[in-house]
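See below for run.csv, which holds CSV, C-alpha atoms.
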```csv
chain,number,residue,atom,x,y,z
I,1,MET,CA,40.2,36.0,24.7
I,2,THR,CA,42.1,33.0,23.5
I,3,ILE,CA,40.0,30.3,21.9
I,4,SER,CA,41.5,26.8,21.6
I,5,ARG,CA,41.3,24.6,18.6
I,6,ARG,CA,39.4,22.1,20.7
I,7,HIS,CA,36.7,24.7,21.5
I,8,LEU,CA,36.5,25.7,17.9
I,9,LEU,CA,35.9,22.0,16.9
I,10,GLN,CA,33.3,21.6,19.6
I,11,ALA,CA,31.5,24.7,18.6
I,12,ALA,CA,31.6,23.7,14.9
I,13,GLY,CA,30.3,20.2,15.8
I,14,ALA,CA,27.5,21.6,17.8
I,15,ALA,CA,26.5,24.0,15.0
I,16,GLY,CA,26.7,21.2,12.5
I,17,PHE,CA,24.5,19.0,14.7
I,18,CYS,CA,21.9,21.8,15.1
I,19,SER,CA,21.9,22.5,11.4
I,20,ALA,CA,21.4,18.8,10.7
I,21,VAL,CA,18.5,18.6,13.1
I,22,GLN,CA,16.9,21.7,11.6
I,23,THR,CA,17.3,20.3,8.1
I,24,ALA,CA,15.8,17.0,9.2
I,25,HIS,CA,12.8,18.7,10.7
I,26,ALA,CA,12.4,20.9,7.7
I,27,GLN,CA,12.1,17.7,5.5
I,28,LEU,CA,9.6,16.1,7.8
I,29,PRO,CA,5.9,17.0,8.3
I,30,ALA,CA,4.7,18.3,11.6
I,31,THR,CA,3.3,15.6,13.9
I,32,ALA,CA,-0.1,17.2,13.8
I,33,ALA,CA,-1.7,18.1,10.5
I,34,SER,CA,-3.5,21.4,10.0
I,35,ASP,CA,-7.1,21.0,11.3
I,36,ASP,CA,-8.4,22.4,8.1
I,37,PHE,CA,-6.1,20.6,5.6
I,38,LYS,CA,-7.6,19.3,2.5
I,39,VAL,CA,-5.9,17.6,-0.5
I,40,SER,CA,-5.2,20.3,-3.1
I,41,ARG,CA,-2.4,19.3,-5.3
I,42,GLY,CA,-3.9,15.9,-6.3
I,43,ARG,CA,-0.9,14.5,-8.1
I,44,ILE,CA,-1.4,11.4,-5.9
I,45,ARG,CA,-5.0,10.0,-6.0
I,46,GLN,CA,-5.4,9.0,-2.4
I,47,SER,CA,-7.6,6.3,-0.9
I,48,VAL,CA,-7.9,4.7,2.5
I,49,MET,CA,-8.1,1.1,3.7
I,50,GLY,CA,-11.2,0.7,5.8
I,51,TRP,CA,-10.1,-2.2,8.0
I,52,CYS,CA,-7.5,0.0,9.7
I,53,PHE,CA,-10.1,2.3,11.1
I,54,LYS,CA,-12.5,-0.3,12.5
I,55,PRO,CA,-14.8,-0.2,14.5
I,56,MET,CA,-15.6,3.1,12.7
I,57,PRO,CA,-18.4,2.4,10.3
I,58,ALA,CA,-17.4,2.6,6.6
I,59,ILE,CA,-19.9,5.4,5.9
I,60,GLU,CA,-18.5,7.5,8.7
I,61,LEU,CA,-15.0,7.0,7.5
I,62,ALA,CA,-16.1,7.8,3.9
I,63,ARG,CA,-17.5,11.1,5.1
I,64,HIS,CA,-14.2,12.1,6.6
I,65,CYS,CA,-12.4,11.0,3.5
I,66,ARG,CA,-14.6,13.3,1.4
I,67,GLU,CA,-14.0,16.2,3.7
I,68,ILE,CA,-10.2,15.7,3.6
I,69,GLY,CA,-10.2,15.3,-0.1
I,70,LEU,CA,-9.4,11.6,-0.5
I,71,MET,CA,-10.9,10.1,-3.6
I,72,GLY,CA,-11.4,6.5,-2.7
I,73,ILE,CA,-11.9,3.8,-0.1
I,74,GLU,CA,-11.2,0.0,0.0
I,75,GLY,CA,-11.1,-2.8,2.5
I,76,ILE,CA,-14.8,-2.4,3.4
I,77,ALA,CA,-17.8,-4.8,3.1
I,78,TRP,CA,-19.3,-5.0,-0.4
I,79,ASP,CA,-22.6,-4.1,1.2
I,80,ASP,CA,-21.2,-0.7,2.0
I,81,TYR,CA,-20.1,0.0,-1.6
I,82,PRO,CA,-23.4,1.7,-2.7
I,83,SER,CA,-23.5,4.1,0.3
I,84,VAL,CA,-19.9,5.3,-0.1
I,85,ARG,CA,-20.4,5.6,-3.9
I,86,LYS,CA,-23.4,7.9,-3.2
I,87,LEU,CA,-21.0,10.2,-1.3
I,88,GLY,CA,-18.9,10.5,-4.4
I,89,LEU,CA,-16.0,8.2,-3.3
I,90,GLU,CA,-14.6,5.6,-5.7
I,91,ILE,CA,-14.0,2.0,-4.7
I,92,SER,CA,-10.2,1.9,-5.2
I,93,LEU,CA,-9.7,-1.9,-4.8
I,94,VAL,CA,-12.1,-4.9,-4.6
I,95,SER,CA,-11.3,-7.7,-2.2
I,96,SER,CA,-11.1,-11.3,-3.3
I,97,HIS,CA,-9.7,-14.5,-1.7
I,98,GLY,CA,-7.7,-14.0,1.4
I,99,PHE,CA,-3.9,-14.0,1.7
I,100,GLN,CA,-3.8,-17.3,3.6
I,101,THR,CA,-5.5,-19.7,1.1
I,102,GLY,CA,-4.0,-18.6,-2.2
I,103,PRO,CA,-3.0,-20.4,-5.4
I,104,ILE,CA,0.3,-21.7,-4.1
I,105,SER,CA,-1.7,-24.9,-3.5
I,106,ARG,CA,-3.7,-26.3,-6.4
I,107,GLU,CA,-6.3,-27.4,-3.9
I,108,ASN,CA,-7.3,-23.8,-3.6
I,109,HIS,CA,-7.6,-23.1,-7.3
I,110,ALA,CA,-11.3,-23.8,-7.8
I,111,ALA,CA,-12.3,-21.6,-4.8
I,112,ASN,CA,-9.7,-18.9,-5.8
I,113,ALA,CA,-10.9,-18.7,-9.4
I,114,LYS,CA,-14.6,-18.5,-8.3
I,115,LYS,CA,-13.9,-15.7,-5.9
I,116,LEU,CA,-11.7,-13.8,-8.4
I,117,ARG,CA,-14.4,-13.9,-11.1
I,118,ALA,CA,-17.0,-12.7,-8.6
I,119,SER,CA,-14.7,-9.9,-7.5
I,120,ILE,CA,-14.1,-8.9,-11.2
I,121,ASP,CA,-17.8,-8.7,-11.6
I,122,MET,CA,-18.1,-6.5,-8.6
I,123,ALA,CA,-15.3,-4.3,-9.8
I,124,VAL,CA,-17.2,-3.8,-13.1
I,125,ALA,CA,-20.4,-3.0,-11.2
I,126,VAL,CA,-18.8,-0.3,-9.1
I,127,GLY,CA,-16.4,1.0,-11.7
I,128,CYS,CA,-13.3,-0.1,-9.8
I,129,PRO,CA,-10.1,-0.7,-11.8
I,130,SER,CA,-8.5,-3.5,-9.7
I,131,VAL,CA,-9.1,-6.7,-7.8
I,132,ILE,CA,-6.5,-7.9,-5.2
I,133,THR,CA,-4.9,-11.3,-5.2
I,134,PHE,CA,-2.3,-13.1,-3.1
I,135,THR,CA,0.0,-16.1,-3.4
I,136,GLY,CA,-1.1,-17.7,-0.1
I,137,MET,CA,1.0,-19.2,2.7
I,138,ARG,CA,3.8,-21.7,2.2
I,139,GLU,CA,2.7,-25.4,2.6
I,140,LYS,CA,4.9,-28.3,3.5
I,141,GLY,CA,5.8,-30.4,0.5
I,142,ILE,CA,5.4,-27.6,-2.1
I,143,THR,CA,8.7,-26.3,-3.4
I,144,ASP,CA,9.2,-22.7,-4.4
I,145,GLU,CA,9.2,-23.6,-8.1
I,146,GLN,CA,6.1,-25.7,-7.9
I,147,GLY,CA,4.4,-23.0,-5.8
I,148,ALA,CA,5.3,-20.5,-8.5
I,149,LYS,CA,3.9,-22.7,-11.3
I,150,ASN,CA,0.7,-23.3,-9.3
I,151,CYS,CA,0.2,-19.5,-8.8
I,152,VAL,CA,0.8,-18.7,-12.4
I,153,GLU,CA,-1.5,-21.5,-13.5
I,154,LEU,CA,-4.4,-20.1,-11.5
I,155,TRP,CA,-3.9,-16.5,-12.6
I,156,LYS,CA,-3.6,-17.5,-16.2
I,157,SER,CA,-7.0,-19.3,-15.9
I,158,VAL,CA,-8.7,-16.1,-14.9
I,159,ILE,CA,-6.7,-13.3,-16.5
I,160,GLY,CA,-8.7,-13.6,-19.7
I,161,TYR,CA,-11.8,-12.8,-17.8
I,162,ALA,CA,-10.1,-9.8,-16.2
I,163,GLU,CA,-8.9,-8.6,-19.7
I,164,GLU,CA,-12.4,-9.0,-21.1
I,165,HIS,CA,-13.8,-6.8,-18.4
I,166,ASN,CA,-10.8,-4.3,-18.3
I,167,VAL,CA,-10.0,-5.1,-14.7
I,168,ASN,CA,-6.5,-5.6,-13.2
I,169,LEU,CA,-5.5,-8.4,-10.9
I,170,CYS,CA,-3.1,-6.9,-8.4
I,171,LEU,CA,-0.8,-9.3,-6.6
I,172,GLU,CA,0.2,-8.0,-3.2
I,173,HIS,CA,3.6,-8.6,-1.8
I,174,LEU,CA,3.6,-9.0,2.0
I,175,ASN,CA,6.3,-9.1,4.6
I,176,SER,CA,7.0,-12.3,6.5
I,177,ARG,CA,9.4,-10.7,9.0
I,178,ASP,CA,7.2,-8.9,11.5
I,179,ASP,CA,5.5,-11.5,13.8
I,180,THR,CA,4.3,-9.0,16.4
I,181,HIS,CA,0.7,-8.6,15.1
I,182,PRO,CA,-1.4,-10.6,12.7
I,183,MET,CA,-1.8,-7.6,10.3
I,184,LYS,CA,1.7,-6.1,10.7
I,185,GLY,CA,3.4,-9.1,9.1
I,186,HIS,CA,2.6,-12.6,7.8
I,187,PRO,CA,5.3,-15.2,8.6
I,188,GLY,CA,5.1,-18.0,6.1
I,189,TYR,CA,3.7,-15.9,3.2
I,190,PHE,CA,5.0,-17.2,-0.1
I,191,GLY,CA,5.1,-13.9,-2.0
I,192,ASP,CA,7.3,-12.1,0.5
I,193,ASP,CA,10.0,-11.0,-2.0
I,194,VAL,CA,8.8,-8.2,-4.3
I,195,ASP,CA,11.3,-9.1,-7.1
I,196,PHE,CA,9.9,-12.7,-7.0
I,197,CYS,CA,6.4,-11.4,-7.2
I,198,VAL,CA,7.3,-9.3,-10.3
I,199,ASP,CA,8.7,-12.5,-11.8
I,200,LEU,CA,5.4,-14.3,-11.2
I,201,ILE,CA,3.5,-11.4,-12.8
I,202,ARG,CA,5.7,-11.4,-15.9
I,203,ARG,CA,5.1,-15.2,-16.2
I,204,VAL,CA,1.4,-14.5,-16.5
I,205,ASP,CA,2.3,-12.2,-19.4
I,206,SER,CA,-0.8,-10.0,-19.4
I,207,PRO,CA,-1.2,-6.2,-19.2
I,208,ASN,CA,-3.9,-6.8,-16.7
I,209,MET,CA,-1.7,-8.7,-14.2
I,210,LYS,CA,-0.2,-6.1,-11.9
I,211,LEU,CA,1.8,-5.6,-8.7
I,212,LEU,CA,0.3,-4.1,-5.5
I,213,PHE,CA,3.3,-2.2,-4.3
I,214,ASP,CA,2.9,-1.9,-0.5
I,215,VAL,CA,5.6,0.5,0.5
I,216,TYR,CA,5.5,-0.7,4.1
I,217,HIS,CA,6.0,-4.4,3.2
I,218,VAL,CA,8.7,-3.6,0.5
I,219,GLN,CA,10.6,-1.5,3.0
I,220,ILE,CA,10.7,-4.3,5.5
I,221,MET,CA,11.6,-7.1,3.1
I,222,ASN,CA,13.6,-5.5,0.3
I,223,GLY,CA,14.2,-1.8,0.8
I,224,ASP,CA,15.5,0.4,-2.0
I,225,VAL,CA,11.9,1.6,-2.4
I,226,ILE,CA,12.3,4.5,-4.8
I,227,ARG,CA,14.6,2.6,-7.2
I,228,ARG,CA,12.1,-0.3,-7.3
I,229,ILE,CA,9.2,2.0,-8.0
I,230,ARG,CA,11.1,3.2,-11.0
I,231,GLN,CA,12.2,-0.2,-12.0
I,232,TYR,CA,8.7,-1.8,-11.8
I,233,GLN,CA,6.6,1.1,-12.9
I,234,ASP,CA,5.3,-0.8,-15.9
I,235,VAL,CA,3.7,-3.5,-13.7
I,236,ILE,CA,2.6,-1.5,-10.6
I,237,GLY,CA,-1.2,-1.2,-10.5
I,238,HIS,CA,-1.8,-0.1,-6.9
I,239,TYR,CA,0.1,1.3,-3.8
I,240,HIS,CA,-0.4,1.0,-0.1
I,241,THR,CA,1.3,3.0,2.7
I,242,ALA,CA,2.2,2.7,6.3
I,243,GLY,CA,5.0,3.8,8.6
I,244,ASN,CA,7.8,1.4,9.5
I,245,PRO,CA,8.4,0.0,12.0
I,246,GLY,CA,5.1,-0.6,13.5
I,247,ARG,CA,2.7,0.0,10.6
I,248,GLY,CA,1.7,3.3,12.2
I,249,GLU,CA,1.3,6.8,11.0
I,250,LEU,CA,3.5,8.4,8.3
I,251,ASP,CA,5.1,10.6,10.9
I,252,GLU,CA,8.6,11.3,12.1
I,253,THR,CA,8.7,8.3,14.4
I,254,GLN,CA,9.2,6.0,11.3
I,255,GLU,CA,11.9,5.6,8.7
I,256,THR,CA,10.3,6.0,5.3
I,257,ASN,CA,10.6,9.4,3.6
I,258,TYR,CA,7.0,9.4,2.3
I,259,PRO,CA,7.1,12.8,0.5
I,260,ALA,CA,10.1,11.6,-1.5
I,261,VAL,CA,8.4,8.3,-2.2
I,262,MET,CA,5.2,10.1,-3.4
I,263,ARG,CA,7.2,12.4,-5.7
I,264,ALA,CA,8.9,9.3,-7.2
I,265,ILE,CA,5.5,7.7,-7.8
I,266,ALA,CA,4.1,10.9,-9.4
I,267,GLU,CA,7.2,11.2,-11.6
I,268,THR,CA,6.5,7.8,-13.1
I,269,GLY,CA,3.2,9.1,-14.5
I,270,TYR,CA,1.2,6.7,-12.3
I,271,GLN,CA,-2.5,7.5,-12.4
I,272,GLY,CA,-3.9,4.9,-10.0
I,273,PHE,CA,-4.6,5.0,-6.3
I,274,VAL,CA,-2.4,5.2,-3.3
I,275,ALA,CA,-4.3,3.8,-0.3
I,276,GLN,CA,-3.4,4.8,3.3
I,277,GLU,CA,-3.1,1.4,5.1
I,278,PHE,CA,-1.6,2.4,8.4
I,279,ILE,CA,-3.0,1.3,11.8
I,280,PRO,CA,-3.7,4.6,13.7
I,281,THR,CA,-2.1,4.9,17.1
I,282,TRP,CA,-3.1,8.6,17.7
I,283,ASP,CA,-6.1,9.2,19.9
I,284,ASP,CA,-7.7,11.1,17.1
I,285,LYS,CA,-7.7,8.6,14.2
I,286,ILE,CA,-9.1,11.1,11.7
I,287,LYS,CA,-6.4,13.6,12.5
I,288,ALA,CA,-3.9,10.8,11.8
I,289,LEU,CA,-5.6,10.3,8.4
I,290,ARG,CA,-5.6,14.0,7.6
I,291,HIS,CA,-1.9,14.1,8.5
I,292,ALA,CA,-1.1,11.2,6.2
I,293,ALA,CA,-3.1,12.9,3.4
I,294,GLU,CA,-1.0,16.0,3.9
I,295,VAL,CA,2.3,14.1,3.8
I,296,CYS,CA,1.3,12.4,0.6
I,297,ASP,CA,-0.1,15.5,-1.2
I,298,VAL,CA,3.1,16.4,-3.0
```
Step by step, read the file and then write its structure as structure tokens.
Amino acid sequence: MTISRRHLLQAAGAAGFCSAVQTAHAQLPATAASDDFKVSRGRIRQSVMGWCFKPMPAIELARHCREIGLMGIEGIAWDDYPSVRKLGLEISLVSSHGFQTGPISRENHAANAKKLRASIDMAVAVGCPSVITFTGMREKGITDEQGAKNCVELWKSVIGYAEEHNVNLCLEHLNSRDDTHPMKGHPGYFGDDVDFCVDLIRRVDSPNMKLLFDVYHVQIMNGDVIRRIRQYQDVIGHYHTAGNPGRGELDETQETNYPAVMRAIAETGYQGFVAQEFIPTWDDKIKALRHAAEVCDV
């Protein structure tokens, strides 16, 4: 039988395509996690963001976390801290002032400072290493440089208190690109460039001023995630995850290679928390959380 060059090329192309598909699937987790999966490697200390799973009560979510093998929880009401601590979970991050009214404006400084100090006190009380902070939203009449100076001024006014209590302030970088949902993106947020946020952190000049590296937001605004993890490892104090686009599960419908990202984090020697902050879209939200835990248990 005579086989033409064209047929050979078509066959080779098809074989190559199938091989590529097989390789891609081999590198990606299965859509559904094992029903009995539990974190075992533990190189990544995983936590979960409570607001993503509302209206599920914090204590119910915490029980699932304990069963899956997650070590912490955050983004829940302070009143729920004692209950989840009794279950053996750590509080991985304490909330503070919101992302909308941050120190970009000096008018917010008194309220921001008061809230940050109260959050530091709470972090000490529950044994949490970090308190979150934000830049706030851009305001008409405030230039970028003035906004930067205002932010640094506020953080410098409270960083001594954080140092005294051995607590980190973690500045979260947020994306301003996604306008489809109030928690998927934040148009107008001042600290929407992760390199700029690191510059602000370095201006504060304290070992307790850190970056909250949200992989989802960095992927949207800056990209080059793994290189930035290595570049900024000295100032990273906390991580968040979510699939992009959509802020959904860490599955094969999104673009970030989370196993590779987690390996890069582990290779830097990072000992802090990585919190799952995706908004579940699966019918079984806990199965989605178990799946994310499996993806990140590298």
- Any idea what's packed within 6 Å of segment 189-192 of chain I, counting all atoms listed in the file, ignoring anything in its chain fewer than 3 positions away? Could you give it as a PyMOL selection string? chain I and resi 135+137-138+173-176+186+197
Taking only residues of segment 209-272 of chain I that have an atom at most 12 Å from an atom of segment 109-131 of chain I, what is each one's shortest atom pair and its distance in Å to one decimal, using only C-alpha atoms, in chain and number order, as JSON lines?
```
{"residue": "I:Met209", "atom": "CA", "partner": "I:Ser130", "partner_atom": "CA", "distance": 9.7}
{"residue": "I:Lys210", "atom": "CA", "partner": "I:Ser130", "partner_atom": "CA", "distance": 9.0}
{"residue": "I:Leu211", "atom": "CA", "partner": "I:Ser130", "partner_atom": "CA", "distance": 10.6}
{"residue": "I:Leu212", "atom": "CA", "partner": "I:Ser130", "partner_atom": "CA", "distance": 9.8}
{"residue": "I:Ile236", "atom": "CA", "partner": "I:Ser130", "partner_atom": "CA", "distance": 11.3}
{"residue": "I:Gly237", "atom": "CA", "partner": "I:Ser130", "partner_atom": "CA", "distance": 7.7}
{"residue": "I:His238", "atom": "CA", "partner": "I:Ser130", "partner_atom": "CA", "distance": 8.0}
{"residue": "I:Tyr239", "atom": "CA", "partner": "I:Ser130", "partner_atom": "CA", "distance": 11.5}
{"residue": "I:Gln271", "atom": "CA", "partner": "I:Pro129", "partner_atom": "CA", "distance": 11.2}
{"residue": "I:Gly272", "atom": "CA", "partner": "I:Pro129", "partner_atom": "CA", "distance": 8.5}
```
- Message: Quick check, in Å to one decimal: how far apart do atom CA of Gln233 of chain I and atom CA of Ala260 of chain I lie?
- Response: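 Computing it gives 15.9 Å between the two atoms.
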Mind checking which residues fall within 12 Å of His217 of chain I, counting all atoms listed in the file, ignoring those fewer than 4 positions away in the same chain, and posting them as a PDB file with C-alpha atoms, in the frame of the given file?
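This went into around_20.pdb:
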```
ATOM      1  CA  GLU I 172       0.200  -8.000  -3.200  1.00  0.00           C
ATOM      2  CA  HIS I 173       3.600  -8.600  -1.800  1.00  0.00           C
ATOM      3  CA  LEU I 174       3.600  -9.000   2.000  1.00  0.00           C
ATOM      4  CA  ASN I 175       6.300  -9.100   4.600  1.00  0.00           C
ATOM      5  CA  SER I 176       7.000 -12.300   6.500  1.00  0.00           C
ATOM      6  CA  ARG I 177       9.400 -10.700   9.000  1.00  0.00           C
ATOM      7  CA  ASP I 178       7.200  -8.900  11.500  1.00  0.00           C
ATOM      8  CA  MET I 183      -1.800  -7.600  10.300  1.00  0.00           C
ATOM      9  CA  LYS I 184       1.700  -6.100  10.700  1.00  0.00           C
ATOM     10  CA  GLY I 185       3.400  -9.100   9.100  1.00  0.00           C
ATOM     11  CA  HIS I 186       2.600 -12.600   7.800  1.00  0.00           C
ATOM     12  CA  TYR I 189       3.700 -15.900   3.200  1.00  0.00           C
ATOM     13  CA  GLY I 191       5.100 -13.900  -2.000  1.00  0.00           C
ATOM     14  CA  ASP I 192       7.300 -12.100   0.500  1.00  0.00           C
ATOM     15  CA  ASP I 193      10.000 -11.000  -2.000  1.00  0.00           C
ATOM     16  CA  VAL I 194       8.800  -8.200  -4.300  1.00  0.00           C
ATOM     17  CA  LEU I 212       0.300  -4.100  -5.500  1.00  0.00           C
ATOM     18  CA  PHE I 213       3.300  -2.200  -4.300  1.00  0.00           C
ATOM     19  CA  MET I 221      11.600  -7.100   3.100  1.00  0.00           C
ATOM     20  CA  ASN I 222      13.600  -5.500   0.300  1.00  0.00           C
ATOM     21  CA  GLY I 223      14.200  -1.800   0.800  1.00  0.00           C
ATOM     22  CA  ASP I 224      15.500   0.400  -2.000  1.00  0.00           C
ATOM     23  CA  VAL I 225      11.900   1.600  -2.400  1.00  0.00           C
ATOM     24  CA  TYR I 239       0.100   1.300  -3.800  1.00  0.00           C
ATOM     25  CA  HIS I 240      -0.400   1.000  -0.100  1.00  0.00           C
ATOM     26  CA  THR I 241       1.300   3.000   2.700  1.00  0.00           C
ATOM     27  CA  ALA I 242       2.200   2.700   6.300  1.00  0.00           C
ATOM     28  CA  GLY I 243       5.000   3.800   8.600  1.00  0.00           C
ATOM     29  CA  ASN I 244       7.800   1.400   9.500  1.00  0.00           C
ATOM     30  CA  PRO I 245       8.400   0.000  12.000  1.00  0.00           C
ATOM     31  CA  GLY I 246       5.100  -0.600  13.500  1.00  0.00           C
ATOM     32  CA  ARG I 247       2.700   0.000  10.600  1.00  0.00           C
ATOM     33  CA  THR I 256      10.300   6.000   5.300  1.00  0.00           C
ATOM     34  CA  GLU I 277      -3.100   1.400   5.100  1.00  0.00           C
ATOM     35  CA  PHE I 278      -1.600   2.400   8.400  1.00  0.00           C
TER      36      PHE I 278
END
```
- Protein and nucleic acid residues near (-9.7, 3.7, -4.4) (cut-off 9 Å, only C-alpha atoms) as a PyMOL selection string: chain I and resi 45-49+70-74+89-94+128-129+272-275
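Atom CA of Asp179 of chain I to atom CA of Tyr232 of chain I spans 27.6 Å [interatomic distance, one decimal].
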- Note on the structure: atom CA of Ile76 of chain I to atom CA of Trp51 of chain I measures 6.6 Å
